[in-house]
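Student: After the structure tokens below, expect a handful of questions from me.
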Amino acid sequence: MSRAVVLGGGFAGVLAAAVLARHADEVVVVEGDHYPSGPRPRRGLPQAHHSHVLVAGGARALEALLPGTVGALLARGAHLRGLPGDALILTADGWFRRMRTDAHLISCTRGLLDEVVRRRALGGGTVAVWEDTRALGLLGDAARVGGVSVSRRGAPPETVRADLVVDATGRRSASPRWLAEIGAGDVEESAVATGLAYATRLYEAPADLAEAIPAIMLHPGPDPGRPARGATLFPVEDGRWVVTLTGTRGGEPPTEEQGFAAFARTLRDPLVADLMAEATPLGLIRPYRDTVNRRRFFERARLPAGFAVIGDAAVAVNPIHSHGMSVAARCALRLDEELLRHGGIGPALFSGLQSALAAEAEQSWRMAVEADGERAGAGTGERTEGTGAGAGARAGTVDTAGAGAADRAGAGAAGRAGAGAAGRAGAGDVERADARAGRDGAPRRAPNAFEREIRTRLAQAKLSSPRIAAKLFAAQTLLSDDTAPDRSEIAQVLTGRPEPLLTSEEAIGQYPGLAAWLRSRLATATATATATATR
């Protein structure tokens, strides 16, 4: 009889357990919390009240693991929004035009997502879930893990033997300490902090906008040296919206009523503030500040056989990048592939398993630290790196806020192709020179007329070219690991006549239902003001 034990019964742990049930005679999930009876926030999940999305690559992995799950989510009220075809996105450079690509996201509350996935993953009765049970440590030595020590409902410790132990306990994982306790040595860790804070609130949407509204993402403007502020609004089930306001150090969103609304009015466009004003608040404003990118390089350590780490316990990225759950689904799918390839749980599996799992998180980690490292270098965040368990104490945690699926496009994704593709100086070189100027305190050089023209054309290319958008969003939604810019398309745009940047009115006008609603609201406000003035 083979037994696998999964530590942690969240999204990553449940998917890992569903996979292991196909390859082990017995699977036990050790979960320190109690599952709610319905689609409600789980007490032990700090970010349960905040925005959560599955990007396309994660949705595909989830569907491959548990066929029919995406359809079940949509039937329960989750929303599928194409990127950027069903999303109104204001980047630092301007508004995206509406274009169809294969990229998309699925938005719903975390409570609904977890309930649907749990029922489909654990409903067959082949997995035993031990709720209100705390993992205390690993059993074994530096060569082999043979089980775990747990305490069930506060009872004295007991031993659970296992052929494979999978840690899916998330960002608070104690695995580095547990491994050290059995003589397995340190685990290298790296963290990139962002200085980002966010606050979230649910709203009951106006009935005529609840279903038809696009996903809305307002990203910070190109204002180095000032706190970066942004917002997202995603439709979720039961006619509700989840609104998240974000800000970096010195510009954090308030959590009291008037301050929250006033913060939304300071953003680059009033759209989210206007929508908030017409919706009905539901519940409290929920803050979150722990947004560091953190990676534990278990694949580089001398891991004992019979032990693996999956999900945020190994790699956790800033929520702005919207990748946490999607990477967890991809890792669970890779776990299944490795078990099939090596004939199940056994010595052939263990030697390369952690490296295979790490490979599924590599793209997300690379994109996150590149974007957030640049922000840190510009003075709006900070970088911390270290090795061993001590480094983990400096690293914070959060999951997903959804905004990042677009704005890292920037000139960083398109601009590095540069005007050199058109036989002239590269805009990427312009950007890199600008980034270097100021990182050590030196003033930034103002761009000349030629550089301003190149930047404008690159922004137009990024925001209006279907080929560039398709490649960009495929990478950001984990459909593709090809993040290199489309140089031929950029060259064509730079030498031709690119589409002009959209005004706010033009961008919103791409969504007739939203545009009509805003016109109606303006007409009502004007009529009210006129009536008041004539009294």
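Numbering starts fresh at 1 for the residues of each chain in the structure tokens, the chains themselves are lettered A, B, ... in the order given, and ligands are numbered from 1 as they appear.
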Which residues of range 139-243 of chain A sit at most 12 Å from range 61-74 of chain A, using only C-alpha atoms? Give each one's shortest atom pair and distance in Å (one decimal place), in chain and ascending residue order, as CSV.

Tutor:
```
residue,atom,partner,partner_atom,distance
A:Val236,CA,A:Leu74,CA,10.1
A:Glu237,CA,A:Leu74,CA,8.8
A:Asp238,CA,A:Leu74,CA,11.6
```

Student: Kindly save the residues from that selection, with N, CA, C and O atoms included, as a short mmCIF file (atom, residue, chain, number, x, y, z; two decimals), in the first residue's frame.

Tutor:
```cif
data_model
loop_
_atom_site.label_atom_id
_atom_site.label_comp_id
_atom_site.auth_asym_id
_atom_site.auth_seq_id
_atom_site.Cartn_x
_atom_site.Cartn_y
_atom_site.Cartn_z
N VAL A 236 -17.70 39.58 -10.65
CA VAL A 236 -17.70 38.25 -10.05
C VAL A 236 -19.15 37.76 -9.96
O VAL A 236 -20.07 38.44 -10.41
N GLU A 237 -19.33 36.60 -9.39
CA GLU A 237 -20.65 35.97 -9.39
C GLU A 237 -21.68 36.78 -8.58
O GLU A 237 -21.31 37.62 -7.77
N ASP A 238 -22.93 36.49 -8.84
CA ASP A 238 -24.07 37.06 -8.10
C ASP A 238 -24.18 38.57 -8.27
O ASP A 238 -24.58 39.29 -7.34
#
```

Student: Please report as CSV every residue of range 490-533 of chain A lying within 9 Å of range 86-105 of chain A, along with the nearest atom pair and their distance in Å (one decimal), using only C-alpha atoms.

Tutor:
```
residue,atom,partner,partner_atom,distance
A:Leu501,CA,A:Gly94,CA,6.6
A:Leu502,CA,A:Trp95,CA,6.0
A:Thr503,CA,A:Trp95,CA,7.6
A:Ser504,CA,A:Trp95,CA,7.5
A:Ala507,CA,A:Trp95,CA,6.4
A:Ile508,CA,A:Leu88,CA,7.3
A:Gln510,CA,A:Arg98,CA,6.8
A:Tyr511,CA,A:Leu88,CA,8.5
```

Student: Would you please work out which residue, of A:Arg22, A:Arg535, A:Lys471, A:Arg295, is nearest to Thr126 in chain A when using only C-alpha atoms?

Tutor: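 Ranking A:Arg22, A:Arg535, A:Lys471, A:Arg295 by distance to Thr126 in chain A, first place goes to A:Arg22.
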
Student: What does the distance from CA of Ser2 in chain A to CA of Ala24 in chain A come to in Å, to one decimal?

Tutor: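 Separation between CA of Ser2 in chain A and CA of Ala24 in chain A: 5.3 Å.
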
Student: Got a sec: who's within 12 Å of Val148 in chain A, counting only C-alpha atoms, leaving out chain neighbours fewer than 3 positions off, as a ChimeraX atom specification?

Tutor: /A:3-7,28-30,133-141,144-145,151,157-167,175,178-179,182,306-307

Student: Could you give me, as a PyMOL selection string, the residues within 8 Å of range 199-215 of chain A, counting only C-alpha atoms and dropping anything in the same chain fewer than 5 positions from it?

Tutor: chain A and resi 49-51+81+86-88+232-235+239-246+253-255+276+278-288+511+513-514+517

Student: Using only C-alpha atoms, which residues sit within 6 Å of range 335-341 of chain A once same-chain residues fewer than 3 positions away are excluded, as a PDB file with N, CA and C atoms, in the first residue's frame?

Tutor:
```pdb
ATOM      1  N   VAL A  19      -4.233  14.741  -8.066  1.00  0.00           N
ATOM      2  CA  VAL A  19      -3.259  14.060  -8.923  1.00  0.00           C
ATOM      3  C   VAL A  19      -2.735  12.802  -8.244  1.00  0.00           C
ATOM      4  N   ALA A 332       0.674  21.291 -10.596  1.00  0.00           N
ATOM      5  CA  ALA A 332      -0.049  20.037 -10.347  1.00  0.00           C
ATOM      6  C   ALA A 332      -0.116  19.191 -11.609  1.00  0.00           C
ATOM      7  N   GLY A 344       4.934   6.125 -11.330  1.00  0.00           N
ATOM      8  CA  GLY A 344       4.357   6.314 -10.005  1.00  0.00           C
ATOM      9  C   GLY A 344       5.379   6.755  -8.973  1.00  0.00           C
TER      10      GLY A 344
END
```

Student: Using only C-alpha atoms, which protein or nucleic acid residues come within 7 Å of range 170-173 of chain A? Drop anything in the same chain fewer than 3 positions from it, and give the result as a count of residues only.

Tutor: 5

Student: Looking at only C-alpha atoms, which of A:Ala529, A:Ala264, A:Val192, A:Ala461 is the one that sits closest to Pro498 in chain A?

Tutor: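 Going through A:Ala529, A:Ala264, A:Val192, A:Ala461 one by one, the smallest distance to Pro498 in chain A is for A:Ala461.
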
Student: Please provide the set of residues having any atom within 9 Å of Ile310 in chain A, restricted to only C-alpha atoms, with same-chain residues fewer than 3 positions apart removed, written as a PyMOL selection string.

Tutor: chain A and resi 12-13+16+166-170+313-315+328+331-332+354+357-358

Student: Go ahead and save the residues from that selection, with N, CA and C atoms, as an mmCIF file, in the first residue's frame.

Tutor:
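Printed below is result13.cif as written:
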```
data_model
loop_
_atom_site.group_PDB
_atom_site.id
_atom_site.type_symbol
_atom_site.label_atom_id
_atom_site.label_comp_id
_atom_site.auth_asym_id
_atom_site.auth_seq_id
_atom_site.Cartn_x
_atom_site.Cartn_y
_atom_site.Cartn_z
ATOM 1 N N ALA A 12 -3.552 24.793 -4.202
ATOM 2 C CA ALA A 12 -2.434 23.964 -4.661
ATOM 3 C C ALA A 12 -2.480 22.573 -4.053
ATOM 4 N N GLY A 13 -2.806 22.489 -2.766
ATOM 5 C CA GLY A 13 -2.831 21.202 -2.099
ATOM 6 C C GLY A 13 -3.931 20.294 -2.590
ATOM 7 N N ALA A 16 -2.904 18.959 -5.973
ATOM 8 C CA ALA A 16 -1.865 17.938 -5.807
ATOM 9 C C ALA A 16 -2.468 16.629 -5.305
ATOM 10 N N VAL A 166 4.162 16.019 0.228
ATOM 11 C CA VAL A 166 4.159 17.212 -0.609
ATOM 12 C C VAL A 166 3.753 18.406 0.250
ATOM 13 N N ASP A 167 4.620 19.402 0.320
ATOM 14 C CA ASP A 167 4.312 20.625 1.066
ATOM 15 C C ASP A 167 3.579 21.597 0.150
ATOM 16 N N ALA A 168 2.313 21.897 0.490
ATOM 17 C CA ALA A 168 1.528 22.899 -0.235
ATOM 18 C C ALA A 168 0.948 23.896 0.762
ATOM 19 N N THR A 169 1.741 24.244 1.769
ATOM 20 C CA THR A 169 1.243 25.089 2.858
ATOM 21 C C THR A 169 1.363 26.577 2.561
ATOM 22 N N GLY A 170 1.838 26.937 1.368
ATOM 23 C CA GLY A 170 1.839 28.342 0.986
ATOM 24 C C GLY A 170 3.039 29.113 1.496
ATOM 25 N N ALA A 313 4.490 27.773 -1.567
ATOM 26 C CA ALA A 313 5.509 27.356 -0.607
ATOM 27 C C ALA A 313 6.899 27.394 -1.237
ATOM 28 N N ALA A 314 6.954 27.275 -2.562
ATOM 29 C CA ALA A 314 8.238 27.334 -3.273
ATOM 30 C C ALA A 314 8.430 28.676 -3.958
ATOM 31 N N VAL A 315 7.438 29.132 -4.720
ATOM 32 C CA VAL A 315 7.556 30.376 -5.496
ATOM 33 C C VAL A 315 6.262 31.169 -5.324
ATOM 34 N N ALA A 328 0.146 27.285 -9.654
ATOM 35 C CA ALA A 328 -0.165 26.093 -8.853
ATOM 36 C C ALA A 328 -0.828 25.023 -9.715
ATOM 37 N N CYS A 331 1.770 23.473 -11.967
ATOM 38 C CA CYS A 331 2.653 22.577 -11.218
ATOM 39 C C CYS A 331 1.969 21.251 -10.916
ATOM 40 N N ALA A 332 0.674 21.291 -10.596
ATOM 41 C CA ALA A 332 -0.049 20.037 -10.347
ATOM 42 C C ALA A 332 -0.116 19.191 -11.609
ATOM 43 N N GLN A 354 11.549 17.924 -8.100
ATOM 44 C CA GLN A 354 11.510 19.328 -7.670
ATOM 45 C C GLN A 354 11.968 20.270 -8.774
ATOM 46 N N LEU A 357 8.995 20.735 -11.114
ATOM 47 C CA LEU A 357 8.004 21.655 -10.554
ATOM 48 C C LEU A 357 8.498 23.095 -10.628
ATOM 49 N N ALA A 358 9.773 23.299 -10.332
ATOM 50 C CA ALA A 358 10.329 24.653 -10.385
ATOM 51 C C ALA A 358 10.281 25.226 -11.790
#
```

Student: In Å, rounded to a single decimal, give me how far CA of Ala305 in chain A is from CA of Asp186 in chain A.

Tutor: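 Rounded to one decimal, the two atoms are 15.9 Å apart.
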
Student: Just the strand (DSSP E) stuff from range 238-381 of chain A, please, per backbone DSSP, written as a PyMOL selection string.

Tutor: chain A and resi 240-247+280-288+293-296+307-309+315-316

Student: Enumerate the residues of range 108-337 of chain A with a DSSP assignment of helix (DSSP H, G or I), computed from the backbone, and present them as an NGL selection string.

Tutor: :A and (110-122 or 170-172 or 175-181 or 257-265 or 271-278 or 298-300 or 311-313 or 319-321 or 324-337)
